[in-house]
>>> print(open('target-v5.cif').read())   # mmCIF, C-alpha atoms
data_input
#
loop_
_atom_site.label_atom_id
_atom_site.label_comp_id
_atom_site.auth_asym_id
_atom_site.auth_seq_id
_atom_site.Cartn_x
_atom_site.Cartn_y
_atom_site.Cartn_z
CA MET T 1 23.46 34.20 2.95
CA ALA T 2 20.76 33.38 5.52
CA THR T 3 22.39 35.80 7.96
CA ARG T 4 22.48 38.65 5.45
CA ALA T 5 18.87 37.98 4.44
CA SER T 6 17.63 38.03 8.03
CA ARG T 7 19.48 41.28 8.77
CA LYS T 8 18.04 42.93 5.66
CA LEU T 9 14.53 41.80 6.60
CA ILE T 10 14.87 43.22 10.11
CA SER T 11 16.23 46.55 8.83
CA GLU T 12 13.40 46.97 6.33
CA TYR T 13 10.78 46.02 8.93
CA ILE T 14 12.11 48.45 11.56
CA ALA T 15 12.36 51.25 8.97
CA LYS T 16 8.72 50.77 7.94
CA ARG T 17 7.53 50.75 11.54
CA ALA T 18 9.59 53.86 12.32
CA ILE T 19 7.98 55.77 9.44
CA SER T 20 4.47 54.73 10.48
CA SER T 21 5.22 55.68 14.09
CA SER T 22 6.44 59.14 12.98
CA VAL T 23 3.28 59.72 10.98
CA GLY T 24 1.22 58.63 13.96
CA SER T 25 3.11 61.06 16.22
CA VAL T 26 2.46 63.98 13.88
CA ARG T 27 -1.24 63.16 13.87
CA HIS T 28 -1.41 63.10 17.64
CA CYS T 29 0.57 66.34 17.97
CA SER T 30 -1.87 68.11 15.70
CA SER T 31 -4.56 67.54 18.32
CA ALA T 32 -5.39 70.23 20.79
CA ALA T 33 -2.20 71.37 22.52
CA GLY T 34 -1.74 70.22 26.08
CA SER T 35 -4.52 67.72 25.79
CA SER T 36 -3.84 64.12 26.56
CA PRO T 37 -6.13 62.19 24.20
CA LYS T 38 -7.38 58.83 25.27
CA ILE T 39 -6.07 55.94 23.21
CA PRO T 40 -8.80 53.45 22.35
CA HIS T 41 -8.37 49.96 23.80
CA PHE T 42 -8.17 48.48 20.29
CA TYR T 43 -5.17 50.65 19.37
CA MET T 44 -3.44 49.82 22.64
CA LYS T 45 -3.69 46.13 21.81
CA ARG T 46 -2.43 46.73 18.30
CA ARG T 47 0.56 48.70 19.57
CA LEU T 48 1.40 46.02 22.10
CA LEU T 49 1.18 43.36 19.39
CA THR T 50 3.32 45.44 17.04
CA GLY T 51 5.92 45.97 19.72
CA ALA T 52 6.00 42.30 20.58
CA THR T 53 6.34 41.40 16.91
CA ILE T 54 9.24 43.80 16.43
CA GLY T 55 10.88 42.40 19.52
CA LEU T 56 10.53 38.85 18.31
CA VAL T 57 11.84 39.71 14.84
CA ILE T 58 14.83 41.54 16.30
CA ALA T 59 15.57 38.79 18.80
CA GLY T 60 15.12 36.02 16.22
CA GLY T 61 17.16 37.87 13.63
CA ALA T 62 19.91 38.56 16.14
CA TYR T 63 20.03 34.88 17.04
CA VAL T 64 20.06 33.78 13.40
CA SER T 65 22.88 36.23 12.72
CA THR T 66 25.00 34.44 15.30
CA VAL T 67 24.70 30.98 13.74
CA ASP T 68 26.50 29.72 10.68
CA GLU T 69 24.92 28.66 7.41
CA ALA T 70 25.34 24.97 8.21
CA THR T 71 23.26 25.26 11.36
CA PHE T 72 20.58 27.23 9.59
CA CYS T 73 20.50 24.63 6.79
CA GLY T 74 20.06 21.92 9.41
CA TRP T 75 17.07 23.77 10.82
CA LEU T 76 15.42 23.93 7.42
CA PHE T 77 15.75 20.19 6.85
CA SER T 78 14.46 19.42 10.35
CA ALA T 79 11.52 21.74 9.81
CA THR T 80 10.30 19.63 6.87
CA LYS T 81 9.30 16.93 9.37
CA LEU T 82 6.49 19.22 10.46
CA VAL T 83 4.67 18.76 7.13
CA ASN T 84 4.91 14.94 7.09
CA PRO T 85 1.61 14.51 9.01
CA PHE T 86 -0.10 16.70 6.41
CA PHE T 87 1.12 14.49 3.55
CA ALA T 88 -0.04 11.42 5.49
CA LEU T 89 -3.62 12.74 5.37
CA LEU T 90 -3.58 12.91 1.57
CA ASP T 91 -4.19 10.14 -0.93
CA ALA T 92 -0.83 8.44 -1.61
CA GLU T 93 -0.65 9.43 -5.27
CA VAL T 94 -1.81 12.99 -4.55
CA ALA T 95 0.90 13.32 -1.89
CA HIS T 96 3.48 11.99 -4.34
CA ARG T 97 2.35 14.47 -7.01
CA LEU T 98 2.54 17.34 -4.51
CA ALA T 99 6.06 16.34 -3.43
CA VAL T 100 7.33 16.34 -7.02
CA THR T 101 5.67 19.69 -7.70
CA ALA T 102 7.24 21.22 -4.58
CA ALA T 103 10.70 19.99 -5.62
CA SER T 104 10.24 21.25 -9.19
CA ARG T 105 9.38 24.75 -7.95
CA GLY T 106 12.13 24.98 -5.38
CA TRP T 107 9.82 24.76 -2.37
CA VAL T 108 12.21 22.38 -0.65
CA PRO T 109 15.37 22.90 1.41
CA ARG T 110 18.67 23.08 -0.44
CA GLU T 111 21.71 21.40 1.06
CA LYS T 112 24.55 23.88 1.57
CA ARG T 113 26.75 21.70 3.76
CA PRO T 114 29.51 19.60 2.18
CA ASP T 115 29.14 15.82 2.32
CA PRO T 116 31.44 13.89 4.68
CA ALA T 117 34.73 13.25 2.86
CA ASN T 118 34.55 9.48 3.37
CA LEU T 119 31.31 9.28 1.37
CA GLY T 120 32.78 10.50 -1.93
CA LEU T 121 33.56 7.88 -4.58
CA GLU T 122 34.14 7.38 -8.27
CA VAL T 123 32.14 4.85 -10.32
CA TRP T 124 32.25 4.55 -14.14
CA GLY T 125 34.66 7.47 -14.18
CA ARG T 126 32.00 9.69 -12.63
CA LYS T 127 32.48 11.37 -9.27
CA PHE T 128 29.70 11.03 -6.71
CA SER T 129 29.79 13.33 -3.68
CA ASN T 130 27.90 10.62 -1.79
CA PRO T 131 26.42 7.20 -2.68
CA VAL T 132 22.80 7.95 -1.69
CA GLY T 133 20.52 8.33 -4.69
CA LEU T 134 16.82 8.68 -5.48
CA ALA T 135 15.39 5.59 -7.19
CA ALA T 136 13.41 5.61 -10.41
CA GLY T 137 9.66 5.91 -9.99
CA PHE T 138 9.71 9.05 -7.87
CA ASP T 139 10.48 11.66 -10.53
CA LYS T 140 9.10 9.67 -13.45
CA ASN T 141 9.07 12.52 -15.96
CA ALA T 142 12.22 14.44 -14.97
CA GLU T 143 10.27 17.39 -13.59
CA ALA T 144 12.37 18.06 -10.49
CA VAL T 145 15.93 16.83 -11.10
CA GLU T 146 17.55 20.02 -9.80
CA GLY T 147 15.28 20.15 -6.77
CA PHE T 148 16.06 16.59 -5.69
CA LEU T 149 19.79 16.92 -6.34
CA GLY T 150 19.70 20.16 -4.37
CA MET T 151 18.37 18.27 -1.34
CA GLY T 152 21.67 16.42 -1.13
CA PHE T 153 21.18 13.24 -3.13
CA GLY T 154 24.39 12.08 -4.80
CA PHE T 155 22.43 11.10 -7.88
CA VAL T 156 18.87 10.99 -9.17
CA GLU T 157 17.37 8.41 -11.53
CA VAL T 158 14.33 9.50 -13.54
CA GLY T 159 11.78 7.24 -15.23
CA SER T 160 10.83 4.68 -16.12
CA VAL T 161 10.27 6.48 -19.41
CA THR T 162 8.32 4.79 -22.20
CA PRO T 163 8.54 5.67 -25.91
CA VAL T 164 4.85 6.59 -26.20
CA PRO T 165 2.92 8.36 -23.43
CA GLN T 166 0.70 6.04 -21.41
CA GLU T 167 -1.59 6.47 -18.42
CA GLY T 168 -0.55 3.32 -16.60
CA ASN T 169 -2.96 1.19 -14.62
CA PRO T 170 -6.31 2.45 -13.24
CA LYS T 171 -6.37 4.35 -9.95
CA PRO T 172 -6.13 3.79 -7.04
CA ARG T 173 -2.76 2.13 -7.63
CA ILE T 174 -0.57 3.18 -4.69
CA PHE T 175 -1.30 1.82 -1.20
CA ARG T 176 0.42 2.67 2.07
CA LEU T 177 1.25 0.16 4.78
CA ARG T 178 2.45 2.77 7.22
CA GLU T 179 3.00 0.57 10.27
CA GLU T 180 5.23 -1.74 8.22
CA GLY T 181 7.04 1.15 6.53
CA ALA T 182 5.98 -0.20 3.15
CA ILE T 183 4.12 0.70 -0.04
CA ILE T 184 2.37 -1.43 -2.65
CA ASN T 185 2.13 0.07 -6.12
CA ARG T 186 0.80 -1.12 -9.45
CA CYS T 187 1.33 2.07 -11.45
CA GLY T 188 2.30 0.26 -14.65
CA PHE T 189 4.86 2.65 -16.17
CA ASN T 190 2.67 5.77 -16.23
CA SER T 191 4.80 8.09 -18.35
CA GLU T 192 4.61 11.28 -20.40
CA GLY T 193 6.83 9.57 -22.99
CA ILE T 194 10.38 10.09 -24.24
CA VAL T 195 9.62 13.22 -26.30
CA ALA T 196 8.28 15.17 -23.31
CA VAL T 197 11.11 13.99 -21.06
CA ALA T 198 13.73 14.77 -23.72
CA LYS T 199 12.41 18.34 -24.07
CA ARG T 200 12.51 18.80 -20.32
CA LEU T 201 16.02 17.38 -19.90
CA GLY T 202 17.21 19.33 -22.93
CA ALA T 203 15.95 22.59 -21.46
CA GLN T 204 17.59 21.82 -18.11
CA HIS T 205 20.83 20.85 -19.84
CA GLY T 206 20.86 24.07 -21.88
CA LYS T 207 20.22 26.19 -18.81
CA ARG T 208 23.12 24.56 -16.96
CA LYS T 209 25.47 25.06 -19.90
CA LEU T 210 24.48 28.73 -20.04
CA ASP T 211 25.09 29.09 -16.31
CA GLU T 212 28.52 27.47 -16.71
CA THR T 213 29.62 29.81 -19.49
CA SER T 214 28.28 32.94 -17.74
CA SER T 215 29.68 32.03 -14.33
CA THR T 216 32.97 33.55 -13.26
CA SER T 217 33.12 31.73 -9.94
CA PRO T 218 35.87 29.07 -9.78
CA SER T 219 33.93 27.13 -7.14
CA SER T 220 30.86 26.70 -9.33
CA SER T 221 32.90 25.33 -12.23
CA GLU T 222 34.58 22.99 -9.80
CA GLU T 223 31.17 21.70 -8.65
CA VAL T 224 30.13 20.96 -12.22
CA LYS T 225 33.42 19.21 -12.90
CA HIS T 226 32.84 16.86 -9.98
CA GLY T 227 29.26 16.14 -10.98
CA GLY T 228 27.72 15.08 -14.25
CA LYS T 229 25.25 16.17 -16.90
CA ALA T 230 22.82 17.26 -14.18
CA GLY T 231 25.33 19.72 -12.70
CA PRO T 232 26.81 18.90 -9.29
CA GLY T 233 24.95 15.57 -9.17
CA ILE T 234 24.70 12.50 -11.37
CA LEU T 235 21.63 11.82 -13.54
CA GLY T 236 20.42 8.34 -14.46
CA VAL T 237 17.65 7.64 -16.99
CA ASN T 238 15.56 4.50 -16.52
CA LEU T 239 14.01 3.12 -19.73
CA GLY T 240 10.80 1.10 -19.93
CA LYS T 241 8.61 -0.45 -22.62
CA ASN T 242 5.04 0.36 -23.52
CA LYS T 243 2.40 -2.06 -22.29
CA THR T 244 1.06 -2.81 -25.77
CA SER T 245 4.45 -2.97 -27.50
CA GLU T 246 5.26 -6.23 -29.27
CA ASP T 247 8.95 -5.42 -29.73
CA ALA T 248 10.52 -4.66 -26.36
CA ALA T 249 14.02 -4.21 -27.78
CA ALA T 250 12.78 -1.55 -30.21
CA ASP T 251 11.25 0.41 -27.30
CA TYR T 252 14.51 0.40 -25.34
CA VAL T 253 16.54 1.30 -28.44
CA GLN T 254 14.25 4.26 -29.08
CA GLY T 255 14.79 5.40 -25.51
CA VAL T 256 18.57 5.18 -25.95
CA HIS T 257 18.55 7.19 -29.18
CA THR T 258 16.40 9.94 -27.66
CA LEU T 259 17.57 10.25 -24.04
CA SER T 260 21.13 8.94 -23.71
CA GLN T 261 22.68 12.32 -24.61
CA PHE T 262 21.29 13.71 -21.34
CA ALA T 263 22.18 10.75 -19.10
CA ASP T 264 25.23 9.98 -16.98
CA TYR T 265 24.03 6.37 -17.03
CA LEU T 266 21.16 4.39 -18.57
CA VAL T 267 19.03 1.63 -17.06
CA ILE T 268 17.09 -1.13 -18.80
CA ASN T 269 14.14 -1.89 -16.54
CA VAL T 270 13.06 -5.50 -17.09
CA SER T 271 11.80 -6.16 -13.59
CA SER T 272 8.63 -4.18 -12.90
CA PRO T 273 5.86 -6.61 -11.87
CA ASN T 274 3.17 -4.28 -13.21
CA THR T 275 3.79 -4.64 -16.96
CA PRO T 276 2.63 -8.02 -18.33
CA GLY T 277 5.48 -10.19 -19.63
CA LEU T 278 8.24 -7.74 -18.70
CA ARG T 279 10.00 -9.99 -16.20
CA MET T 280 10.34 -12.71 -18.83
CA LEU T 281 13.07 -10.53 -20.36
CA GLN T 282 15.30 -11.52 -17.41
CA GLY T 283 15.76 -15.00 -18.88
CA ARG T 284 19.26 -15.79 -20.11
CA THR T 285 18.52 -15.86 -23.85
CA GLN T 286 16.07 -12.94 -23.80
CA LEU T 287 18.32 -10.74 -21.66
CA LYS T 288 21.40 -11.46 -23.75
CA ASP T 289 19.60 -10.56 -26.97
CA LEU T 290 18.10 -7.40 -25.45
CA VAL T 291 21.36 -6.10 -23.96
CA LYS T 292 23.23 -6.68 -27.23
CA LYS T 293 20.72 -4.63 -29.19
CA VAL T 294 20.67 -1.79 -26.68
CA GLN T 295 24.47 -1.70 -26.43
CA ALA T 296 24.71 -1.58 -30.23
CA ALA T 297 22.23 1.30 -30.38
CA ARG T 298 24.20 3.23 -27.79
CA ASP T 299 27.61 2.55 -29.35
CA GLU T 300 26.56 3.59 -32.87
CA MET T 301 25.91 7.13 -31.65
CA GLN T 302 28.55 9.85 -31.71
CA TRP T 303 30.19 10.47 -28.34
CA GLY T 304 32.79 12.92 -27.08
CA GLU T 305 35.77 12.34 -24.83
CA GLU T 306 33.63 11.01 -22.00
CA GLY T 307 32.31 8.21 -24.18
CA PRO T 308 28.84 6.64 -24.05
CA PRO T 309 26.86 6.49 -20.80
CA PRO T 310 27.19 3.25 -18.81
CA LEU T 311 24.39 0.73 -19.31
CA LEU T 312 22.78 -1.03 -16.33
CA VAL T 313 19.99 -3.57 -15.90
CA LYS T 314 17.49 -3.45 -13.02
CA ILE T 315 16.46 -6.90 -11.80
CA ALA T 316 13.74 -8.32 -9.56
CA PRO T 317 14.22 -9.79 -6.07
CA ASP T 318 11.93 -12.73 -6.90
CA LEU T 319 14.56 -14.77 -8.72
CA SER T 320 15.86 -18.30 -8.26
CA ARG T 321 19.53 -19.16 -7.87
CA GLU T 322 19.55 -20.36 -11.47
CA ASP T 323 18.05 -17.07 -12.65
CA LEU T 324 20.75 -15.14 -10.81
CA GLU T 325 23.49 -17.29 -12.31
CA ASP T 326 22.11 -16.66 -15.80
CA ILE T 327 21.95 -12.90 -15.27
CA ALA T 328 25.48 -12.84 -13.85
CA ALA T 329 26.78 -14.84 -16.83
CA VAL T 330 25.18 -12.42 -19.30
CA ALA T 331 26.45 -9.39 -17.38
CA LEU T 332 30.04 -10.67 -17.37
CA ALA T 333 30.01 -11.92 -20.96
CA LEU T 334 28.62 -8.67 -22.40
CA HIS T 335 30.62 -6.41 -20.06
CA LEU T 336 27.49 -4.84 -18.65
CA ASP T 337 28.36 -1.70 -16.69
CA GLY T 338 26.21 -2.43 -13.65
CA LEU T 339 23.11 -3.95 -12.05
CA ILE T 340 20.45 -2.43 -9.81
CA ILE T 341 19.28 -4.83 -7.12
CA SER T 342 16.41 -4.76 -6.75
CA ASN T 343 12.96 -3.72 -7.93
CA THR T 344 9.78 -4.33 -5.91
CA THR T 345 8.67 -7.83 -4.89
CA ILE T 346 5.44 -9.68 -5.58
CA SER T 347 5.90 -11.64 -2.35
CA ARG T 348 4.35 -10.57 0.96
CA PRO T 349 6.84 -11.39 3.74
CA ASP T 350 6.10 -11.01 7.46
CA PRO T 351 4.63 -8.86 8.89
CA VAL T 352 3.05 -7.46 5.72
CA ASN T 353 1.01 -10.59 5.03
CA LYS T 354 -1.05 -9.90 8.16
CA ASN T 355 -2.17 -6.51 6.83
CA PRO T 356 -5.40 -6.56 4.75
CA VAL T 357 -3.83 -4.08 2.32
CA SER T 358 -1.28 -6.75 1.38
CA GLU T 359 -3.99 -8.40 -0.73
CA GLU T 360 -3.72 -5.56 -3.24
CA ALA T 361 -1.93 -6.56 -6.45
CA GLY T 362 1.38 -4.86 -7.22
CA GLY T 363 4.98 -4.60 -6.15
CA LEU T 364 5.91 -4.22 -2.49
CA SER T 365 8.65 -1.79 -1.49
CA GLY T 366 9.98 -0.54 1.84
CA LYS T 367 11.31 -2.13 5.02
CA PRO T 368 9.86 -5.65 4.46
CA LEU T 369 11.87 -5.86 1.22
CA PHE T 370 15.23 -5.16 2.89
CA ASN T 371 16.30 -8.69 3.82
CA LEU T 372 15.23 -10.24 0.52
CA SER T 373 16.86 -7.60 -1.67
CA THR T 374 20.05 -7.60 0.42
CA ARG T 375 20.36 -11.39 0.11
CA ILE T 376 19.98 -11.14 -3.68
CA LEU T 377 22.53 -8.31 -3.71
CA LYS T 378 25.08 -10.37 -1.82
CA GLU T 379 24.57 -13.40 -4.07
CA MET T 380 25.00 -11.30 -7.20
CA TYR T 381 28.17 -9.70 -5.85
CA VAL T 382 29.65 -13.15 -5.36
CA LEU T 383 28.44 -14.43 -8.76
CA THR T 384 29.94 -11.44 -10.58
CA ARG T 385 33.11 -11.71 -8.45
CA GLY T 386 32.90 -8.03 -7.56
CA LYS T 387 33.72 -7.03 -11.14
CA ILE T 388 30.48 -5.16 -11.84
CA PRO T 389 29.30 -2.13 -9.85
CA LEU T 390 26.01 -2.83 -8.08
CA ILE T 391 23.38 -0.36 -6.88
CA GLY T 392 21.60 -1.53 -3.73
CA CYS T 393 17.91 -0.68 -3.60
CA GLY T 394 15.11 -1.99 -1.43
CA GLY T 395 14.09 -1.21 2.14
CA ILE T 396 16.88 1.21 3.08
CA SER T 397 15.60 3.49 5.83
CA SER T 398 18.70 4.37 7.90
CA GLY T 399 22.44 4.82 7.70
CA GLU T 400 22.91 1.35 9.20
CA ASP T 401 20.73 -0.14 6.44
CA ALA T 402 22.79 1.70 3.84
CA TYR T 403 26.00 0.42 5.39
CA GLU T 404 24.71 -3.16 5.36
CA LYS T 405 23.94 -2.85 1.64
CA ILE T 406 27.47 -1.59 1.00
CA ARG T 407 29.02 -4.46 2.95
CA ALA T 408 26.83 -6.82 0.92
CA GLY T 409 28.35 -5.52 -2.33
CA ALA T 410 26.66 -2.23 -3.28
CA SER T 411 28.81 0.67 -4.47
CA LEU T 412 25.79 2.98 -4.67
CA LEU T 413 22.39 3.10 -2.97
CA GLN T 414 18.87 4.21 -3.82
CA LEU T 415 15.93 5.34 -1.69
CA TYR T 416 12.24 5.43 -2.46
CA THR T 417 9.75 4.37 0.22
CA ALA T 418 11.70 5.66 3.22
CA PHE T 419 12.06 9.03 1.48
CA ALA T 420 8.33 9.06 0.71
CA TYR T 421 7.61 8.66 4.43
CA GLY T 422 10.52 10.61 5.94
CA GLY T 423 10.90 13.49 3.50
CA PRO T 424 14.03 15.64 2.97
CA ALA T 425 15.14 15.38 6.63
CA LEU T 426 16.04 11.73 6.04
CA ILE T 427 18.84 12.53 3.57
CA PRO T 428 21.37 14.38 5.80
CA LYS T 429 20.53 12.04 8.69
CA MET T 430 21.28 8.95 6.62
CA LYS T 431 24.52 10.37 5.24
CA ALA T 432 25.76 11.29 8.71
CA GLU T 433 24.90 7.81 10.06
CA LEU T 434 26.60 6.10 7.12
CA SER T 435 29.75 8.16 7.61
CA GLU T 436 29.80 7.21 11.30
CA CYS T 437 29.44 3.51 10.42
CA LEU T 438 32.48 3.68 8.13
CA GLU T 439 34.56 5.43 10.79
CA ARG T 440 33.44 2.98 13.47
CA ASP T 441 34.71 -0.01 11.49
CA GLY T 442 37.92 1.62 10.30
CA PHE T 443 36.99 2.20 6.65
CA LYS T 444 38.37 5.39 5.14
CA SER T 445 36.02 5.33 2.15
CA ILE T 446 32.90 3.71 0.71
CA LEU T 447 34.90 1.63 -1.77
CA GLU T 448 36.95 0.07 1.03
CA ALA T 449 33.76 -1.27 2.58
CA VAL T 450 32.09 -2.57 -0.61
CA GLY T 451 31.56 -6.33 -0.33
CA ALA T 452 33.18 -6.58 3.10
CA ASP T 453 30.71 -9.30 4.15
CA CYS T 454 31.50 -11.37 1.04
CA ARG T 455 35.26 -11.63 1.45
#
>>> encode(input="target-v5.cif", output="structure tokens")
Amino acid sequence: MATRASRKLISEYIAKRAISSSVGSVRHCSSAAGSSPKIPHFYMKRRLLTGATIGLVIAGGAYVSTVDEATFCGWLFSATKLVNPFFALLDAEVAHRLAVTAASRGWVPREKRPDPANLGLEVWGRKFSNPVGLAAGFDKNAEAVEGFLGMGFGFVEVGSVTPVPQEGNPKPRIFRLREEGAIINRCGFNSEGIVAVAKRLGAQHGKRKLDETSSTSPSSSEEVKHGGKAGPGILGVNLGKNKTSEDAAADYVQGVHTLSQFADYLVINVSSPNTPGLRMLQGRTQLKDLVKKVQAARDEMQWGEEGPPPLLVKIAPDLSREDLEDIAAVALALHLDGLIISNTTISRPDPVNKNPVSEEAGGLSGKPLFNLSTRILKEMYVLTRGKIPLIGCGGISSGEDAYEKIRAGASLLQLYTAFAYGGPALIPKMKAELSECLERDGFKSILEAVGADCR
């Protein structure tokens, strides 16, 4: 496609220049016969510039026409690194807003290359082309699902979505610790609310269904078959509670009733440090009561052949061994479909604690969270005896990091901070590195490597 486009561009450009040159020739010929008019210096420069431009376009187009689509796609992703310094100059929340807007409008590269075969896997009966996903908190209001999936993520999780719209905490509320590869945020579930998100997801869902029915291409229907409700990728919806709500369970139930029809999986977020009292819902009694009510709300709805969406719980990294044992017991007893490990931390491990910005209140994400979240992940894999799929989240910034999470028990992975810093170019790089790690250690698939360090 890129080749055809470049050739068309070149042809149109040359045709236009040829016409203008012909007109110019006629004008000069109409001058006094035999005279050799002087060409002003300005026009000489313009002609030289035009000629050079045509030469460059022809040469560049000829070169592009000799490369395949995969190479061209690789160039586009690499080129996004050029804009990273620009984003770094902006306020953190402004940069985040701009990134979501760009993805929603298609101003981002689209991955055309197939994922490495050893990265594909099936979880909850859903087929993921790769295990690398975008964590909740990035596309809070489901504005750019197609854009982010198009970048090559295996799945995207939107939210957290609250029943009633709320502004969240006062700004500024996002702080960069660039040298440490970290971010502190205290956003506080800023959300447009479930009605706005439901309208947006419903419109996207309807558009995809229309595309499916109007498409005659076997390959496109195959892509949808191997994806989920978001098309070729999997869509998760992360549910939160309103800050002033007195009945947390009612908030989550409302989210299930409104949004579950659009989700390939649902998440109960009880671990954000920025909503007062939320983490208390991780206690054994509170969590058991909450999960029962949410499961009942989901199961009472009418579902087709695929059945209801899987239900997961996202937990904090700041938990004691006893807390982890309680959560594992509830998860096994209630047949919870999965756990996301983990959310941000309220701790400030080295070297973050030496940075003055670390004094800001909020949850810490990024590289300093990696060891803590991976330790919690490994403990939970052992406590649940590998019976519950786990999503590893926290500090992943390379293919080696992703591989370590998988060996610690994660079936799927999520990015946030590293993607905020590295941009789209990070995605294909991480997938390639992860594939190489599997091959290096003799694993033919992701699932073969899951929990390898816990056996």
>>> closest_residue(input="target-v5.cif", among="T:Arg284, T:Phe77, T:Glu360, T:Glu157", to="Leu415 (chain T)", atoms="all atoms listed in the file")
T:Glu157
>>> resolve_selection(input="target-v5.cif", expression="the PyMOL selection byres ((chain T and resi 87-97) around 10)", output="list in words")
Leu82, Val83, Asn84, Pro85, Phe86, Leu98, Ala99, Val100, Thr101, Ala102, Phe138, Asp139, Lys171, Pro172, Arg173, Ile174, Phe175, Arg176, Arg178, Ile183, Asn185, Cys187, Ala420, Tyr421 and Gly423 of chain T
>>> resolve_selection(input="target-v5.cif", expression="the PyMOL selection byres ((chain T and resi 180) around 10)", output="ChimeraX atom specification")
/T:176-179,181-183,350-352,355,366-368
>>> closest_residue(input="target-v5.cif", among="T:Gly150, T:Gly442, T:Gly206, T:Gly392", to="Val108 (chain T)", atoms="only C-alpha atoms")
T:Gly150
>>> atom_distance(input="target-v5.cif", atom1="CA of Gly231 (chain T)", atom2="CA of Asn343 (chain T)")
26.9 Å
>>> residues_around(input="target-v5.cif", residues="region 251-263 of chain T", least_positions_apart="3", cutoff="7 Å", atoms="only C-alpha atoms", output="MDAnalysis selection string")
chainID T and resid 163 194 198 201 229 235:237 239:241 247:248 266 294 297:298 309
>>> resolve_selection(input="target-v5.cif", expression="the PyMOL selection byres ((chain T and resi 123) around 10)", output="ChimeraX atom specification")
/T:121-122,124-128,131,310,337-338,389,411-412,447
>>> write_last_selection(input="target-v5.cif", atoms="C-alpha atoms", output="CSV table (one decimal), in the coordinates of the input")
chain,number,residue,atom,x,y,z
T,121,LEU,CA,33.6,7.9,-4.6
T,122,GLU,CA,34.1,7.4,-8.3
T,124,TRP,CA,32.2,4.6,-14.1
T,125,GLY,CA,34.7,7.5,-14.2
T,126,ARG,CA,32.0,9.7,-12.6
T,127,LYS,CA,32.5,11.4,-9.3
T,128,PHE,CA,29.7,11.0,-6.7
T,131,PRO,CA,26.4,7.2,-2.7
T,310,PRO,CA,27.2,3.2,-18.8
T,337,ASP,CA,28.4,-1.7,-16.7
T,338,GLY,CA,26.2,-2.4,-13.6
T,389,PRO,CA,29.3,-2.1,-9.8
T,411,SER,CA,28.8,0.7,-4.5
T,412,LEU,CA,25.8,3.0,-4.7
T,447,LEU,CA,34.9,1.6,-1.8
>>> closest_residue(input="target-v5.cif", among="T:Ala425, T:Leu119, T:Ala331, T:Leu377", to="Ser397 (chain T)", atoms="only C-alpha atoms")
T:Ala425
>>> build_atoms(input="target-v5.cif", residues="region 274-285 of chain T", atoms="N, CA and C atoms", output="short mmCIF file (atom, residue, chain, number, x, y, z; two decimals), keeping the file's coordinate frame")
data_model
loop_
_atom_site.label_atom_id
_atom_site.label_comp_id
_atom_site.auth_asym_id
_atom_site.auth_seq_id
_atom_site.Cartn_x
_atom_site.Cartn_y
_atom_site.Cartn_z
N ASN T 274 4.46 -4.86 -12.83
CA ASN T 274 3.17 -4.28 -13.21
C ASN T 274 2.97 -4.12 -14.72
N THR T 275 3.92 -4.62 -15.51
CA THR T 275 3.79 -4.64 -16.96
C THR T 275 3.81 -6.09 -17.41
N PRO T 276 2.71 -6.60 -17.97
CA PRO T 276 2.63 -8.02 -18.33
C PRO T 276 3.78 -8.48 -19.23
N GLY T 277 4.43 -9.59 -18.82
CA GLY T 277 5.48 -10.19 -19.63
C GLY T 277 6.85 -9.56 -19.49
N LEU T 278 6.95 -8.44 -18.77
CA LEU T 278 8.24 -7.74 -18.70
C LEU T 278 9.32 -8.57 -18.03
N ARG T 279 8.98 -9.25 -16.94
CA ARG T 279 10.00 -9.99 -16.20
C ARG T 279 10.54 -11.21 -16.96
N MET T 280 9.83 -11.61 -18.01
CA MET T 280 10.34 -12.71 -18.83
C MET T 280 11.62 -12.32 -19.56
N LEU T 281 11.85 -11.01 -19.70
CA LEU T 281 13.07 -10.53 -20.36
C LEU T 281 14.32 -10.75 -19.51
N GLN T 282 14.15 -11.23 -18.27
CA GLN T 282 15.30 -11.52 -17.41
C GLN T 282 15.89 -12.90 -17.69
N GLY T 283 15.22 -13.69 -18.51
CA GLY T 283 15.76 -15.00 -18.88
C GLY T 283 17.08 -14.86 -19.63
N ARG T 284 17.90 -15.88 -19.55
CA ARG T 284 19.26 -15.79 -20.11
C ARG T 284 19.27 -15.40 -21.59
N THR T 285 18.53 -16.12 -22.41
CA THR T 285 18.52 -15.86 -23.85
C THR T 285 17.92 -14.50 -24.16
#
